[in-house]
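Text of the file entry.cif, holding mmCIF, C-alpha atoms:
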data_protein
loop_
_atom_site.label_atom_id
_atom_site.label_comp_id
_atom_site.auth_asym_id
_atom_site.auth_seq_id
_atom_site.Cartn_x
_atom_site.Cartn_y
_atom_site.Cartn_z
CA MET A 608 100.51 12.81 182.21
CA LEU A 609 103.63 13.31 180.10
CA GLY A 610 107.07 13.80 181.53
CA TYR A 611 108.27 17.39 181.07
CA ASN A 612 111.18 16.41 178.88
CA LEU A 613 108.83 14.47 176.63
CA THR A 614 106.61 17.59 176.22
CA SER A 615 109.56 19.86 175.48
CA GLY A 616 111.13 17.17 173.33
CA ILE A 617 108.00 16.90 171.17
CA LEU A 618 107.90 20.70 170.78
CA ALA A 619 111.55 20.73 169.76
CA VAL A 620 111.06 17.97 167.20
CA ILE A 621 108.11 19.87 165.68
CA VAL A 622 110.15 23.09 165.38
CA VAL A 623 113.12 21.28 163.84
CA GLY A 624 110.75 19.43 161.49
CA VAL A 625 109.07 22.66 160.32
CA ILE A 626 112.42 24.33 159.61
CA PHE A 627 113.67 21.37 157.58
CA TRP A 628 110.38 21.18 155.72
CA LEU A 629 110.62 24.90 154.81
CA ILE A 630 114.14 24.42 153.46
CA ARG A 631 113.07 21.31 151.55
CA LYS A 632 110.15 23.15 149.94
CA ASP A 633 112.38 26.13 149.02
CA HIS A 634 110.42 28.47 151.26
CA LEU A 635 113.58 29.39 153.11
CA HIS A 636 116.68 30.71 151.42
CA PRO A 637 119.68 28.41 152.05
CA LYS A 638 121.61 31.48 153.19
CA LYS A 639 119.13 31.99 156.02
CA ALA A 640 118.60 28.29 156.58
CA LEU A 641 121.91 27.60 158.30
CA GLY A 642 121.16 30.02 161.11
CA TRP A 643 117.74 28.53 161.58
CA VAL A 644 119.12 25.00 161.63
CA THR A 645 121.52 26.05 164.37
CA ILE A 646 118.63 27.49 166.36
CA ALA A 647 116.54 24.40 165.65
CA CYS A 648 119.35 22.21 167.01
CA ALA A 649 119.67 24.40 170.12
CA ILE A 650 115.91 24.15 170.68
CA GLY A 651 116.16 20.42 170.17
CA VAL A 652 118.96 19.94 172.68
CA ILE A 653 117.39 22.20 175.34
CA GLY A 654 114.00 20.63 174.65
CA ILE A 655 115.13 17.06 175.08
CA PHE A 656 117.50 17.81 177.96
CA PRO A 657 115.86 20.72 179.83
CA ARG A 658 118.16 20.03 182.79
CA LEU A 659 120.99 21.39 180.64
CA SER A 660 119.76 24.94 181.23
CA ASP A 661 119.88 24.32 184.99
CA TRP A 662 123.51 23.31 184.69
CA ILE A 663 124.45 26.31 182.51
CA ALA A 664 122.53 28.64 184.83
CA SER A 665 124.36 27.36 187.89
CA LYS A 666 127.70 27.89 186.10
CA LEU A 667 126.70 31.49 185.26
CA GLY A 668 125.39 32.17 188.73
CA VAL A 669 121.76 32.57 187.63
CA GLY A 670 119.44 31.74 190.55
CA TYR A 671 116.36 30.77 188.61
CA PRO A 672 117.39 28.77 185.50
CA PRO A 673 114.23 29.27 183.35
CA THR A 674 114.89 33.02 183.24
CA LEU A 675 118.22 32.32 181.59
CA VAL A 676 116.49 30.55 178.70
CA LEU A 677 113.85 33.28 178.47
CA VAL A 678 116.34 36.15 178.58
CA ILE A 679 118.54 34.59 175.91
CA SER A 680 115.48 33.91 173.73
CA ILE A 681 114.21 37.48 174.09
CA ILE A 682 117.64 38.92 173.26
CA LEU A 683 117.86 36.73 170.17
CA ILE A 684 114.33 37.68 169.07
CA PHE A 685 115.11 41.36 169.63
CA LEU A 686 118.31 41.16 167.59
CA LYS A 687 116.53 39.29 164.84
CA LEU A 688 113.75 41.91 164.65
CA LEU A 689 116.27 44.71 164.57
CA ARG A 690 118.12 43.04 161.74
CA LEU A 691 114.85 42.44 159.94
CA ASP A 692 113.93 46.12 160.18
CA ALA A 693 117.36 47.14 158.92
CA ALA A 694 117.10 44.67 156.05
CA ARG A 695 113.64 45.97 155.22
CA SER A 696 114.94 49.54 155.11
CA GLN A 697 117.65 48.43 152.70
CA GLU A 698 115.09 46.66 150.53
CA ASP A 699 112.86 49.72 150.59
CA LYS A 700 115.81 51.77 149.35
CA LYS A 701 116.60 49.28 146.60
CA ILE A 702 113.00 49.24 145.42
CA ALA A 703 112.93 53.04 145.39
CA ILE A 704 116.10 53.19 143.28
CA LEU A 705 114.75 50.54 140.90
CA THR A 706 111.42 52.36 140.59
CA GLN A 707 113.17 55.63 139.84
CA ARG A 708 115.43 54.11 137.23
CA LEU A 709 112.48 52.36 135.66
CA VAL A 710 110.36 55.49 135.25
CA VAL A 711 113.36 57.45 133.99
CA LEU A 712 113.99 54.78 131.36
CA GLU A 713 110.30 54.72 130.50
CA LYS A 714 110.32 58.46 130.00
CA ARG A 715 113.46 58.40 127.85
CA PHE A 716 112.00 55.59 125.78
CA GLU A 717 108.84 57.59 125.35
CA ASN A 718 110.91 60.58 124.20
CA VAL A 719 112.46 58.48 121.43
CA ASN A 720 109.33 56.50 120.61
CA PRO A 721 106.31 58.73 121.09
CA LYS A 722 104.01 56.15 119.49
CA ASN A 723 104.53 53.70 122.31
CA LYS A 724 102.87 56.00 124.76
CA ASP A 725 99.82 54.38 126.29
CA MET B 1139 111.19 70.42 138.17
CA ILE B 1140 107.97 70.19 140.09
CA PRO B 1141 107.12 67.22 142.29
CA ALA B 1142 103.35 66.88 142.51
CA PHE B 1143 100.87 64.75 144.38
CA ASN B 1144 97.22 65.57 143.71
CA GLU B 1145 97.83 69.18 142.71
CA GLU B 1146 95.39 69.52 139.78
CA GLN B 1147 94.15 72.85 141.14
CA THR B 1148 97.46 74.62 141.05
CA VAL B 1149 99.98 72.81 138.86
CA MET B 1150 98.91 74.50 135.61
CA GLY B 1151 99.22 77.97 137.12
CA VAL B 1152 102.71 77.16 138.37
CA ILE B 1153 103.85 75.92 134.95
CA LEU B 1154 102.38 78.92 133.11
CA GLY B 1155 104.04 81.18 135.66
CA ILE B 1156 107.43 79.59 134.95
CA LYS B 1157 106.92 79.87 131.18
CA LYS B 1158 106.28 83.58 131.52
CA GLU B 1159 109.70 84.06 133.16
CA VAL B 1160 112.09 81.57 131.55
CA ASP B 1161 112.24 79.19 128.60
CA TRP B 1162 113.65 76.22 130.50
CA ASP B 1163 112.41 72.66 130.21
CA ILE B 1164 109.74 71.97 132.79
CA LEU B 1165 109.28 68.52 134.29
CA VAL B 1166 106.46 67.51 136.58
CA VAL B 1167 107.12 64.35 138.58
CA ASP B 1168 103.77 62.91 139.46
CA ASP B 1169 103.92 60.88 142.66
CA ASN B 1170 101.10 58.56 141.63
CA SER B 1171 98.36 61.20 141.90
CA ILE B 1172 94.77 60.06 141.70
CA ASP B 1173 93.50 63.31 140.21
CA ALA B 1174 94.13 65.10 136.91
CA THR B 1175 97.56 66.47 137.83
CA VAL B 1176 99.27 64.80 134.85
CA ASP B 1177 96.69 66.00 132.32
CA GLU B 1178 96.85 69.52 133.69
CA ALA B 1179 100.65 69.51 133.52
CA HIS B 1180 100.54 68.19 129.95
CA SER B 1181 98.10 70.77 128.72
CA ALA B 1182 100.21 73.49 130.32
CA GLY B 1183 103.08 72.21 128.20
CA ALA B 1184 105.32 70.49 130.75
CA MET B 1185 106.99 67.10 130.47
CA THR B 1186 105.72 64.57 132.96
CA ILE B 1187 107.02 61.48 134.65
CA SER B 1188 104.54 59.32 136.51
CA LEU B 1189 105.66 57.11 139.35
CA PRO B 1190 103.90 53.73 139.45
CA THR B 1191 103.52 53.83 143.25
CA ARG B 1192 103.46 56.62 145.77
CA THR B 1193 107.04 57.15 146.90
CA GLY B 1194 106.87 60.33 148.95
CA ALA B 1195 107.94 63.90 148.25
CA TRP B 1196 111.69 63.52 148.41
CA ARG B 1197 111.85 60.39 146.29
CA ALA B 1198 109.66 62.02 143.67
CA ILE B 1199 112.17 64.87 143.58
CA GLN B 1200 115.02 62.37 143.35
CA THR B 1201 113.29 60.76 140.38
CA GLY B 1202 113.22 64.11 138.61
CA ILE B 1203 116.88 64.71 139.43
CA ARG B 1204 117.72 61.25 138.10
CA TYR B 1205 115.96 62.04 134.86
CA ALA B 1206 117.73 65.38 134.62
CA LYS B 1207 121.09 63.68 135.09
CA SER B 1208 120.32 61.04 132.47
CA GLU B 1209 119.37 63.77 130.01
CA LYS B 1210 122.57 65.70 130.81
CA TYR B 1211 121.04 68.74 132.46
CA ASN B 1212 123.54 70.69 134.57
CA ILE B 1213 121.12 72.47 136.86
CA VAL B 1214 117.88 71.33 138.46
CA VAL B 1215 115.53 73.74 140.15
CA THR B 1216 112.87 72.27 142.40
CA MET B 1217 109.67 74.14 142.98
CA ASP B 1218 106.49 73.33 144.88
CA ALA B 1219 103.38 72.57 142.86
CA ASP B 1220 101.08 74.49 145.17
CA GLY B 1221 101.99 77.92 143.87
CA GLN B 1222 103.96 78.95 146.95
CA HIS B 1223 107.11 79.83 145.06
CA SER B 1224 107.21 82.74 142.68
CA ALA B 1225 108.72 82.00 139.26
CA LYS B 1226 109.99 85.58 139.24
CA SER B 1227 112.84 84.46 141.50
CA LEU B 1228 114.01 81.60 139.24
CA LYS B 1229 116.78 83.57 137.56
CA ASP B 1230 118.08 84.92 140.87
CA LEU B 1231 118.13 81.43 142.29
CA VAL B 1232 120.31 79.88 139.58
CA LYS B 1233 122.65 82.86 139.27
CA PRO B 1234 125.19 81.71 141.90
CA ILE B 1235 125.30 78.26 140.33
CA LEU B 1236 125.68 79.52 136.78
CA ALA B 1237 128.54 81.68 138.03
CA ASN B 1238 130.17 78.50 139.44
CA GLN B 1239 130.35 80.09 142.88
CA TYR B 1240 128.04 77.66 144.63
CA ASP B 1241 126.79 74.09 144.17
CA THR B 1242 123.36 74.48 145.76
CA ALA B 1243 121.14 77.51 146.12
CA ILE B 1244 118.21 77.67 148.50
CA GLY B 1245 115.38 80.08 147.99
CA VAL B 1246 114.48 81.61 151.33
CA CYS B 1247 111.74 83.92 152.38
CA THR B 1248 112.40 85.07 155.90
CA ASN B 1249 108.97 86.62 156.30
CA ARG B 1250 107.08 83.40 155.80
CA ALA B 1251 108.07 81.72 159.03
CA ASN B 1252 106.18 82.28 162.23
CA TYR B 1253 107.77 82.32 165.65
CA THR B 1254 107.52 78.60 166.46
CA ARG B 1255 108.89 77.62 163.09
CA LYS B 1256 111.84 79.97 163.48
CA LEU B 1257 112.54 78.53 166.91
CA THR B 1258 112.43 74.98 165.55
CA TRP B 1259 114.82 75.87 162.76
CA LYS B 1260 117.13 77.48 165.28
CA VAL B 1261 117.26 74.27 167.32
CA PHE B 1262 117.97 72.19 164.25
CA ARG B 1263 120.61 74.63 163.11
CA LYS B 1264 122.37 74.36 166.43
CA ILE B 1265 122.39 70.58 166.43
CA SER B 1266 123.24 70.08 162.79
CA GLY B 1267 125.86 72.81 162.71
CA LEU B 1268 124.41 74.16 159.47
CA SER B 1269 124.39 77.92 159.25
CA LEU B 1270 121.38 78.17 156.99
CA GLU B 1271 118.30 80.26 157.63
CA ASP B 1272 115.52 78.24 156.00
CA ILE B 1273 116.05 74.50 156.19
CA THR B 1274 112.68 73.39 154.88
CA SER B 1275 112.38 75.48 151.74
CA GLY B 1276 111.55 73.36 148.70
CA TYR B 1277 112.59 76.12 146.31
CA ARG B 1278 116.12 75.09 145.46
CA ALA B 1279 118.61 74.93 142.64
CA TYR B 1280 121.18 72.15 142.41
CA GLY B 1281 124.30 72.24 140.29
CA ALA B 1282 126.03 69.26 138.68
CA SER B 1283 128.10 68.10 141.67
CA SER B 1284 125.16 68.37 144.07
CA ILE B 1285 123.05 66.40 141.61
CA ASN B 1286 125.54 63.53 141.77
CA ILE B 1287 125.44 63.48 145.57
CA LEU B 1288 121.65 63.57 145.64
CA LEU B 1289 121.50 60.46 143.48
CA SER B 1290 123.58 58.36 145.89
CA PRO B 1291 121.89 55.43 147.68
CA GLU B 1292 122.50 57.34 150.90
CA ALA B 1293 120.24 60.13 149.70
CA THR B 1294 117.51 57.65 148.82
CA MET B 1295 117.12 56.85 152.52
CA LEU B 1296 115.84 60.37 153.21
CA THR B 1297 112.17 61.26 153.50
CA PHE B 1298 111.94 65.00 152.95
CA GLN B 1299 113.84 67.55 150.93
CA ASP B 1300 115.00 69.44 153.97
CA LEU B 1301 117.58 69.09 156.67
CA GLY B 1302 118.73 65.57 155.74
CA VAL B 1303 119.47 66.67 152.20
CA LEU B 1304 121.30 69.77 153.37
CA MET B 1305 123.39 67.83 155.88
CA LEU B 1306 124.32 65.31 153.22
CA LEU B 1307 125.35 68.08 150.86
CA SER B 1308 127.34 69.97 153.46
CA ASN B 1309 129.04 66.78 154.70
CA GLU B 1310 130.13 66.29 151.11
CA ARG B 1311 131.54 69.81 151.19
CA GLN B 1312 129.08 71.38 148.80
CA LYS B 1313 128.94 75.14 148.81
CA ILE B 1314 125.43 76.19 149.72
CA VAL B 1315 124.06 79.68 149.35
CA GLU B 1316 120.77 81.21 150.38
CA THR B 1317 119.01 83.55 148.01
CA GLU B 1318 116.12 85.76 148.98
CA VAL B 1319 113.07 84.82 146.90
CA VAL B 1320 109.41 85.73 146.70
CA MET B 1321 106.97 83.30 148.26
CA PHE B 1322 103.19 83.45 148.43
CA GLU B 1323 100.64 82.13 150.82
CA ARG B 1324 99.58 78.65 149.87
CA ASN B 1325 96.67 78.97 147.43
CA PHE B 1326 95.25 75.56 147.98
CA GLY B 1327 95.82 72.65 150.31
CA ILE B 1328 98.10 72.40 153.30
CA SER B 1329 101.75 71.66 153.85
CA LYS B 1330 102.44 67.96 153.76
CA ILE B 1331 104.81 68.23 156.65
CA TYR B 1332 102.67 70.39 158.92
CA SER B 1333 99.29 68.80 158.21
CA SER B 1334 98.43 67.68 161.75
CA TRP B 1335 99.90 67.76 165.21
CA ILE B 1336 100.85 64.10 165.07
CA ALA B 1337 102.45 64.64 161.67
CA ILE B 1338 104.41 67.57 163.05
CA TRP B 1339 105.55 65.51 166.02
CA VAL B 1340 106.62 62.59 163.83
CA TYR B 1341 108.41 64.97 161.48
CA LEU B 1342 110.22 66.81 164.24
CA THR B 1343 111.39 63.72 166.09
CA GLN B 1344 112.47 62.04 162.86
CA THR B 1345 114.40 65.10 161.79
CA LEU B 1346 115.94 65.51 165.21
CA LEU B 1347 117.09 61.91 165.23
CA LEU B 1348 118.53 62.20 161.73
CA CYS B 1349 120.15 65.45 162.74
CA ILE B 1350 121.94 63.87 165.70
CA ALA B 1351 122.82 60.66 163.88
CA LYS B 1352 124.31 62.43 160.89
CA ILE B 1353 126.46 64.99 162.66
CA SER B 1354 129.71 65.04 160.75
CA MET B 1355 132.61 63.71 162.76
CA PRO B 1356 135.85 65.51 162.05
CA TRP B 1357 138.03 62.57 163.07
CA TYR B 1358 136.04 60.29 160.78
CA ARG B 1359 136.39 62.67 157.87
CA ASN B 1360 140.13 63.02 158.40
CA SER B 1361 140.70 59.30 158.34
CA GLU B 1362 139.09 58.95 154.93
#

Could you write out this structure as structure tokens?
Amino acid sequence: MLGYNLTSGILAVIVVGVIFWLIRKDHLHPKKALGWVTIACAIGVIGIFPRLSDWIASKLGVGYPPTLVLVISIILIFLKLLRLDAARSQEDKKIAILTQRLVVLEKRFENVNPKNKD
Amino acid sequence: MIPAFNEEQTVMGVILGIKKEVDWDILVVDDNSIDATVDEAHSAGAMTISLPTRTGAWRAIQTGIRYAKSEKYNIVVTMDADGQHSAKSLKDLVKPILANQYDTAIGVCTNRANYTRKLTWKVFRKISGLSLEDITSGYRAYGASSINILLSPEATMLTFQDLGVLMLLSNERQKIVETEVVMFERNFGISKIYSSWIAIWVYLTQTLLLCIAKISMPWYRNSE
């Protein structure tokens, strides 16, 4: 049987490894990468020293330390999703504007150059 | 300008109807229809713009307005492609804008609404603070300054040409007038907004949310 901090430590190392690999392979924009590296480090620290959450929980007056980690994680995930949805709305808007400008240009080009109509 | 999505049955009749009344340029914005809407519009003698993907009613309208602006038109009239709006009212609709009295004119037909619809409008009127009778009418005329506002990125976020558009215009201090127009029963097809109960529910809640979120704040305006 593995010690619990070995299990969580291995998980943390995998997560950190995946994030670095994604940055290395240009799958993750450097702008986004910094935030993820911070999170990866936090996962790493908590993973290798799970007792740390007990200590923080006791300082904050939380009776059952694992809930502290879970609550913080859920809040972060929630915020991230909200931001993602907002960003998607913005992108949707940008695509709509680009599409409109494109078809307007197409039409005006067609007006000048009727032969190019397909 | 006529936004159209799969309206091959009616679009030609609408265009011919307009031609009988006025000699304006007619543009059909095809929201990626899969039927013969574009061909029908062409053979009726209208200009057409075809969107490469389906963008929804309001964004199709915005595309037409964008084209109008780029070609230096001063007034855009939007009309449904399903034959609901009578071309006989076109001249009445643009009159207040041509006279420089108003920036936007809405064609209303008070008879067309049933009781529930009137009640809904009343609720939305109360919340939005708009004093307009018909907030969903797609028969509208926009003058030059309204055209500029409707091309803003803010306007692109809207879904329908109804309350959101009107609130945007009135927040930007556009003068809006309602003109009595002739409307017919829908010849073919059903309203896109009121197609099913779920659609109605989604539409109403969305509009309500937008309505509340976009209430103009006097203190915010003053600080600008």

Using only C-alpha atoms and a cut-off of 8 Å, which residues of chain A sit close to chain B? Please list them as an mmCIF file with C-alpha atoms, keeping the file's coordinate frame.
data_model
loop_
_atom_site.group_PDB
_atom_site.id
_atom_site.type_symbol
_atom_site.label_atom_id
_atom_site.label_comp_id
_atom_site.auth_asym_id
_atom_site.auth_seq_id
_atom_site.Cartn_x
_atom_site.Cartn_y
_atom_site.Cartn_z
ATOM 1 C CA LYS A 700 115.810 51.770 149.350
ATOM 2 C CA ALA A 703 112.930 53.040 145.390
ATOM 3 C CA ILE A 704 116.100 53.190 143.280
ATOM 4 C CA THR A 706 111.420 52.360 140.590
ATOM 5 C CA GLN A 707 113.170 55.630 139.840
ATOM 6 C CA ARG A 708 115.430 54.110 137.230
ATOM 7 C CA VAL A 710 110.360 55.490 135.250
ATOM 8 C CA VAL A 711 113.360 57.450 133.990
ATOM 9 C CA LYS A 714 110.320 58.460 130.000
#

Discussion item. Env of Leu675 of chain A: 12 Å cut, atoms = only C-alpha atoms, seq-sep filter 2 positions within chain, self excluded. Answer as a ChimeraX atom specification.
Written reply: /A:653,657,659-673,677-682

Practice prompt. Do a neighbour search on Tyr1277 of chain B at 7 Å with all atoms listed in the file, toss out local chain neighbours closer than 6 positions, and write the hits as a list in words.
Written response: Thr1216, Met1217, Asp1218, His1223, Ile1244 and Gly1245 of chain B

Worksheet item: Can you tell me, as a PyMOL selection string, what residues are no more than 10 Å from Glu1310 of chain B when counting only C-alpha atoms, ignoring any on the same chain fewer than 2 positions away?
Response: chain B and resi 1283-1284+1287+1304-1308+1312-1313+1354+1359

Discussion item. Take the PyMOL selection byres ((chain A and resi 616) around 10), run it mentally on this structure, and tell me the resulting residues as a PyMOL selection string.
Written reply: chain A and resi 610-615+617-622+650-657
